[in-house]
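Student: Okay, handing you the structure first.
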Amino acid sequence: VGDEPGRQDRRRRRAQSLDQRAAARRWALAERAAHDVTLVGSGTVLADDPLLTRRGRDAERPNLRVVLDRRLRTPPGARLFGEAGEVVLYTDSAGASRDPARVSELQAAGAQVVILPAVSPSMVLSELHARGVRSVLVEGGATVAASFVHAGLYDRVAAVCAPKLLGGASAPGPLATALVEDPNEAPRVERLRVRRAGEDLILEGLRSGCSADLFSAVAES
Ligand SMILES: NC(=O)c1ccc[n+]([C@@H]2O[C@H](COP(=O)([O-])OP(=O)(O)OC[C@H]3O[C@@H](n4cnc5c(N)ncnc54)[C@H](OP(=O)(O)O)[C@@H]3O)[C@@H](O)[C@H]2O)c1
């Protein structure tokens with residue numbers, strides 16, 4: 001991973017069947033060890049109350065945990081504050097001024113509350129880069145994932161498939177927002193490869209042009 005903002009290695013994941021949580025969890029634990037940052041949206045914190053920590057022999061290495069949270073919905077009692085290691089919560093001035101008491105509560109819980117002009121992928125990545133971060137795992141959920149894909153600010157995508165068939169017309173998809181109307185215009189991944197991890201299948205692909213997009217997004221914002 002290089003040293004310029006655009007070389008941050010943002011792995012994106014897609015966990016597709018509905019044993020997705022277990023398969024995604026196995027995958028995420030392996031991926032967290034390979035990145036400087038594990039990033040989620042406030043929706044994931046509210047739904048899952050995750051620790052976002054590394055496990056096993058990687059547990060001791062520093063892992064910055066990041067939550068994107070404009071409305072400051074992250075509960076000060078969230079489990080991620082109970083674990084050793086930094087937690088950065090990005091919000092904007094509207095969120096911070098709406099509820100200063102909440103900011104204080106989150107800070108008392110151990111969060112570093114950082115107010116950005118906008119909680120956009122480009123602003124977040126720029127701020128992280130200034131901290132020395134060079135690789136970010138965008139772990140989810142689907143709203144935040146769609147936001148990074150829409151901004152074009154990712155350079156690796158992974159889809160995790162568990163060997164289980166679970167139907168459901170309303171099963172959640174990996175990206176919450178439709179990106180294009182015309183499938184011909186959908187962003188493509190390149191150099192697709194498939195690998196096994198235990199019982200799970202992992203599809204991974206790269207996207208070219210991330211560095212250029214990040215530089216121009218930061219310049220415009
Ligand atoms: N299977 C998997 O692989 C996987 C992985 C992770 C999560 N999940 C699941 O995903 C679900 C949660 O997903 P979700 O889509 O509801 O929540 P999410 O993507 O984790 O968080 C969405 C929230 O993030 C905040 N946010 C701040 N900046 C944002 C930005 N630039 N773009 C988008 N959002 C931004 C928004 O709230 P504000 O407007 O208040 O900022 C938004 O409502 C849970 O059920 C969880 O279990 C699944």
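Letters A, B, ... mark the chains of the structure tokens in the order given; residue numbers begin at 1 per chain; ligand numbers begin at 1, in order shown.
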Taking a cut-off of 8 Å and counting only C-alpha atoms and all ligand atoms, can you build a table that, for each residue of chain A near ligand 1, reports the nearest atom pair and how far apart they are in Å (one decimal), sorted by chain then residue number, as a tab-separated table?
Tutor:
```
residue	atom	partner	partner_atom_place_in_ligand_line	distance
A:Arg13	CA	ligand 1	3 (O)	6.4
A:Arg14	CA	ligand 1	3 (O)	5.4
A:Ala15	CA	ligand 1	3 (O)	4.3
A:Gln16	CA	ligand 1	1 (N)	7.0
A:Leu18	CA	ligand 1	1 (N)	7.8
A:Gln20	CA	ligand 1	1 (N)	5.0
A:Arg21	CA	ligand 1	1 (N)	4.7
A:Ala23	CA	ligand 1	1 (N)	8.0
A:Ala24	CA	ligand 1	3 (O)	4.9
A:Arg25	CA	ligand 1	3 (O)	7.5
A:Val40	CA	ligand 1	20 (O)	5.2
A:Gly41	CA	ligand 1	21 (O)	3.3
A:Ser42	CA	ligand 1	21 (O)	4.5
A:Gly43	CA	ligand 1	17 (O)	3.3
A:Thr44	CA	ligand 1	20 (O)	3.7
A:Val45	CA	ligand 1	20 (O)	6.7
A:Leu46	CA	ligand 1	12 (C)	7.7
A:Ala47	CA	ligand 1	44 (C)	5.0
A:Asp48	CA	ligand 1	47 (O)	5.5
A:Val67	CA	ligand 1	27 (C)	7.8
A:Leu68	CA	ligand 1	27 (C)	4.2
A:Asp69	CA	ligand 1	41 (O)	3.8
A:Arg70	CA	ligand 1	41 (O)	3.4
A:Arg71	CA	ligand 1	40 (O)	3.7
A:Leu72	CA	ligand 1	40 (O)	6.2
A:Arg73	CA	ligand 1	40 (O)	6.3
A:Tyr90	CA	ligand 1	27 (C)	7.6
A:Thr91	CA	ligand 1	41 (O)	7.0
A:Ala118	CA	ligand 1	31 (N)	8.0
A:Val119	CA	ligand 1	28 (N)	4.9
A:Ser120	CA	ligand 1	31 (N)	4.2
A:Pro121	CA	ligand 1	31 (N)	5.6
A:Glu139	CA	ligand 1	6 (C)	5.4
A:Gly140	CA	ligand 1	6 (C)	3.7
A:Gly141	CA	ligand 1	19 (O)	3.4
A:Ala142	CA	ligand 1	15 (O)	4.0
A:Thr143	CA	ligand 1	19 (O)	3.6
A:Val144	CA	ligand 1	19 (O)	3.9
A:Ala145	CA	ligand 1	19 (O)	6.3
A:Ala146	CA	ligand 1	33 (C)	7.2
A:Ser147	CA	ligand 1	32 (N)	4.7
A:Phe148	CA	ligand 1	32 (N)	7.3
A:Val160	CA	ligand 1	3 (O)	7.8
A:Pro174	CA	ligand 1	3 (O)	7.0
A:Leu175	CA	ligand 1	15 (O)	7.8
A:Ala176	CA	ligand 1	15 (O)	6.1
```
Student: Check the DSSP output for the backbone and give back, as an MDAnalysis selection string, the residues of stretch 36-125 of chain A in helix (DSSP H, G or I).
Tutor: chainID A and resid 42:48 56:58 79:82 93:98 100:109 121:125
Student: Residues of stretch 70-178 of chain A in strand (DSSP E) according to DSSP, as a tab-separated table (two decimals) with N, CA, C and O atoms, in the first residue's frame?
Tutor:
```
chain	number	residue	atom	x	y	z
A	87	VAL	N	-11.32	4.78	19.22
A	87	VAL	CA	-12.54	4.81	18.41
A	87	VAL	C	-12.74	6.25	17.95
A	87	VAL	O	-12.81	7.16	18.77
A	88	VAL	N	-12.79	6.45	16.65
A	88	VAL	CA	-13.05	7.79	16.10
A	88	VAL	C	-14.45	7.82	15.53
A	88	VAL	O	-14.85	6.92	14.79
A	89	LEU	N	-15.18	8.85	15.91
A	89	LEU	CA	-16.55	9.00	15.44
A	89	LEU	C	-16.62	10.28	14.61
A	89	LEU	O	-16.34	11.37	15.13
A	90	TYR	N	-16.91	10.14	13.34
A	90	TYR	CA	-16.99	11.33	12.47
A	90	TYR	C	-18.42	11.83	12.41
A	90	TYR	O	-19.36	11.06	12.14
A	91	THR	N	-18.57	13.13	12.67
A	91	THR	CA	-19.87	13.76	12.55
A	91	THR	C	-19.68	15.11	11.84
A	91	THR	O	-18.57	15.42	11.41
A	92	ASP	N	-20.77	15.87	11.71
A	92	ASP	CA	-20.62	17.21	11.12
A	92	ASP	C	-21.09	18.24	12.14
A	92	ASP	O	-21.55	17.89	13.23
A	111	ALA	N	-14.79	8.00	23.01
A	111	ALA	CA	-14.76	8.29	21.57
A	111	ALA	C	-13.98	9.58	21.30
A	111	ALA	O	-14.03	10.51	22.09
A	112	GLN	N	-13.28	9.58	20.21
A	112	GLN	CA	-12.72	10.83	19.69
A	112	GLN	C	-13.75	11.35	18.70
A	112	GLN	O	-13.93	10.75	17.63
A	113	VAL	N	-14.47	12.41	19.05
A	113	VAL	CA	-15.50	12.92	18.15
A	113	VAL	C	-14.86	13.96	17.24
A	113	VAL	O	-14.35	14.98	17.71
A	114	VAL	N	-14.87	13.69	15.95
A	114	VAL	CA	-14.22	14.59	14.98
A	114	VAL	C	-15.30	15.21	14.11
A	114	VAL	O	-16.10	14.50	13.49
A	115	ILE	N	-15.32	16.55	14.10
A	115	ILE	CA	-16.34	17.26	13.32
A	115	ILE	C	-15.75	17.62	11.96
A	115	ILE	O	-14.74	18.33	11.88
A	116	LEU	N	-16.37	17.10	10.92
A	116	LEU	CA	-15.92	17.37	9.55
A	116	LEU	C	-16.90	18.32	8.87
A	116	LEU	O	-18.08	18.37	9.25
A	135	SER	N	-4.65	2.13	4.98
A	135	SER	CA	-5.60	1.14	4.44
A	135	SER	C	-6.84	1.10	5.32
A	135	SER	O	-6.74	1.15	6.55
A	136	VAL	N	-7.98	1.07	4.68
A	136	VAL	CA	-9.26	1.12	5.39
A	136	VAL	C	-10.12	-0.05	4.96
A	136	VAL	O	-10.33	-0.26	3.76
A	137	LEU	N	-10.64	-0.77	5.92
A	137	LEU	CA	-11.64	-1.80	5.63
A	137	LEU	C	-13.02	-1.18	5.87
A	137	LEU	O	-13.36	-0.85	7.01
A	138	VAL	N	-13.78	-0.99	4.81
A	138	VAL	CA	-15.16	-0.50	4.96
A	138	VAL	C	-16.01	-1.75	5.18
A	138	VAL	O	-16.34	-2.47	4.24
A	139	GLU	N	-16.36	-1.98	6.43
A	139	GLU	CA	-16.98	-3.27	6.75
A	139	GLU	C	-18.50	-3.25	6.53
A	139	GLU	O	-19.13	-4.27	6.39
A	140	GLY	N	-19.08	-2.10	6.52
A	140	GLY	CA	-20.52	-2.03	6.25
A	140	GLY	C	-21.13	-0.89	7.04
A	140	GLY	O	-20.41	-0.06	7.60
A	156	ARG	N	-10.76	-2.21	-3.81
A	156	ARG	CA	-10.89	-3.67	-3.77
A	156	ARG	C	-12.28	-4.01	-3.22
A	156	ARG	O	-12.75	-3.36	-2.29
A	157	VAL	N	-12.92	-4.97	-3.82
A	157	VAL	CA	-14.25	-5.38	-3.39
A	157	VAL	C	-14.20	-6.87	-3.11
A	157	VAL	O	-13.56	-7.62	-3.84
A	158	ALA	N	-14.87	-7.29	-2.04
A	158	ALA	CA	-14.96	-8.73	-1.78
A	158	ALA	C	-16.41	-9.10	-1.48
A	158	ALA	O	-17.10	-8.39	-0.77
A	159	ALA	N	-16.86	-10.19	-2.06
A	159	ALA	CA	-18.18	-10.74	-1.78
A	159	ALA	C	-17.98	-12.09	-1.11
A	159	ALA	O	-17.24	-12.93	-1.60
A	160	VAL	N	-18.62	-12.26	0.03
A	160	VAL	CA	-18.45	-13.49	0.80
A	160	VAL	C	-19.72	-14.31	0.66
A	160	VAL	O	-20.81	-13.80	0.92
A	161	CYS	N	-19.60	-15.57	0.23
A	161	CYS	CA	-20.78	-16.41	0.03
A	161	CYS	C	-20.68	-17.65	0.93
A	161	CYS	O	-19.74	-18.43	0.78
```
Student: Kindly indicate which residue among A:Pro187, A:Pro117, A:Gly110, A:Gly198 lies nearest to A:His150, using only C-alpha atoms for the distances.
Tutor: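 Closest to A:His150, using only C-alpha atoms: A:Pro187.
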Student: What's around A:Ala84 at 12 Å? Count only C-alpha atoms, leave out sequence neighbours fewer than 6 positions away in its own chain, and write the answer as a VMD selection string.
Tutor: chain A and resid 51 to 54 59 to 65 109 to 111
Student: Those residues with N, CA and C atoms, as a short mmCIF file (atom, residue, chain, number, x, y, z; two decimals), in the first residue's frame please?
Tutor:
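part_3.cif, freshly written:
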```cif
data_model
loop_
_atom_site.label_atom_id
_atom_site.label_comp_id
_atom_site.auth_asym_id
_atom_site.auth_seq_id
_atom_site.Cartn_x
_atom_site.Cartn_y
_atom_site.Cartn_z
N LEU A 51 -17.88 -5.11 18.35
CA LEU A 51 -16.65 -4.65 19.00
C LEU A 51 -15.69 -4.06 17.97
N LEU A 52 -15.70 -4.62 16.77
CA LEU A 52 -14.82 -4.21 15.66
C LEU A 52 -13.34 -4.40 15.98
N THR A 53 -13.04 -5.26 16.92
CA THR A 53 -11.64 -5.48 17.31
C THR A 53 -11.03 -6.60 16.50
N ARG A 54 -9.71 -6.69 16.57
CA ARG A 54 -9.01 -7.84 16.02
C ARG A 54 -9.01 -8.95 17.05
N ALA A 59 -4.61 -9.33 17.99
CA ALA A 59 -5.40 -8.51 18.91
C ALA A 59 -4.60 -7.35 19.49
N GLU A 60 -3.32 -7.54 19.66
CA GLU A 60 -2.52 -6.51 20.35
C GLU A 60 -2.12 -5.36 19.43
N ARG A 61 -2.16 -5.59 18.11
CA ARG A 61 -1.71 -4.52 17.21
C ARG A 61 -2.77 -3.43 17.14
N PRO A 62 -2.33 -2.14 17.04
CA PRO A 62 -3.33 -1.07 17.03
C PRO A 62 -4.28 -1.16 15.85
N ASN A 63 -5.52 -0.96 16.11
CA ASN A 63 -6.55 -1.02 15.07
C ASN A 63 -7.50 0.13 15.35
N LEU A 64 -7.48 1.12 14.50
CA LEU A 64 -8.36 2.26 14.69
C LEU A 64 -9.76 1.86 14.24
N ARG A 65 -10.74 2.05 15.13
CA ARG A 65 -12.13 1.74 14.77
C ARG A 65 -12.87 3.05 14.52
N ALA A 109 -17.17 8.38 27.12
CA ALA A 109 -17.15 6.93 26.90
C ALA A 109 -15.85 6.49 26.23
N GLY A 110 -15.10 7.46 25.68
CA GLY A 110 -13.81 7.11 25.07
C GLY A 110 -13.72 7.43 23.59
N ALA A 111 -14.79 8.00 23.01
CA ALA A 111 -14.76 8.29 21.57
C ALA A 111 -13.98 9.58 21.30
#
```
Student: Separation of atom CA of A:Ala197 and atom CA of A:Ala30, in Å?
Tutor: 10.0 Å
Student: From the options A:Leu153, A:Asp49, A:Glu185, A:Arg32, which residue's atoms come nearest to A:Arg79, counting only C-alpha atoms?
Tutor: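 Looking at the shortest contact to A:Arg79, the residue is A:Asp49.
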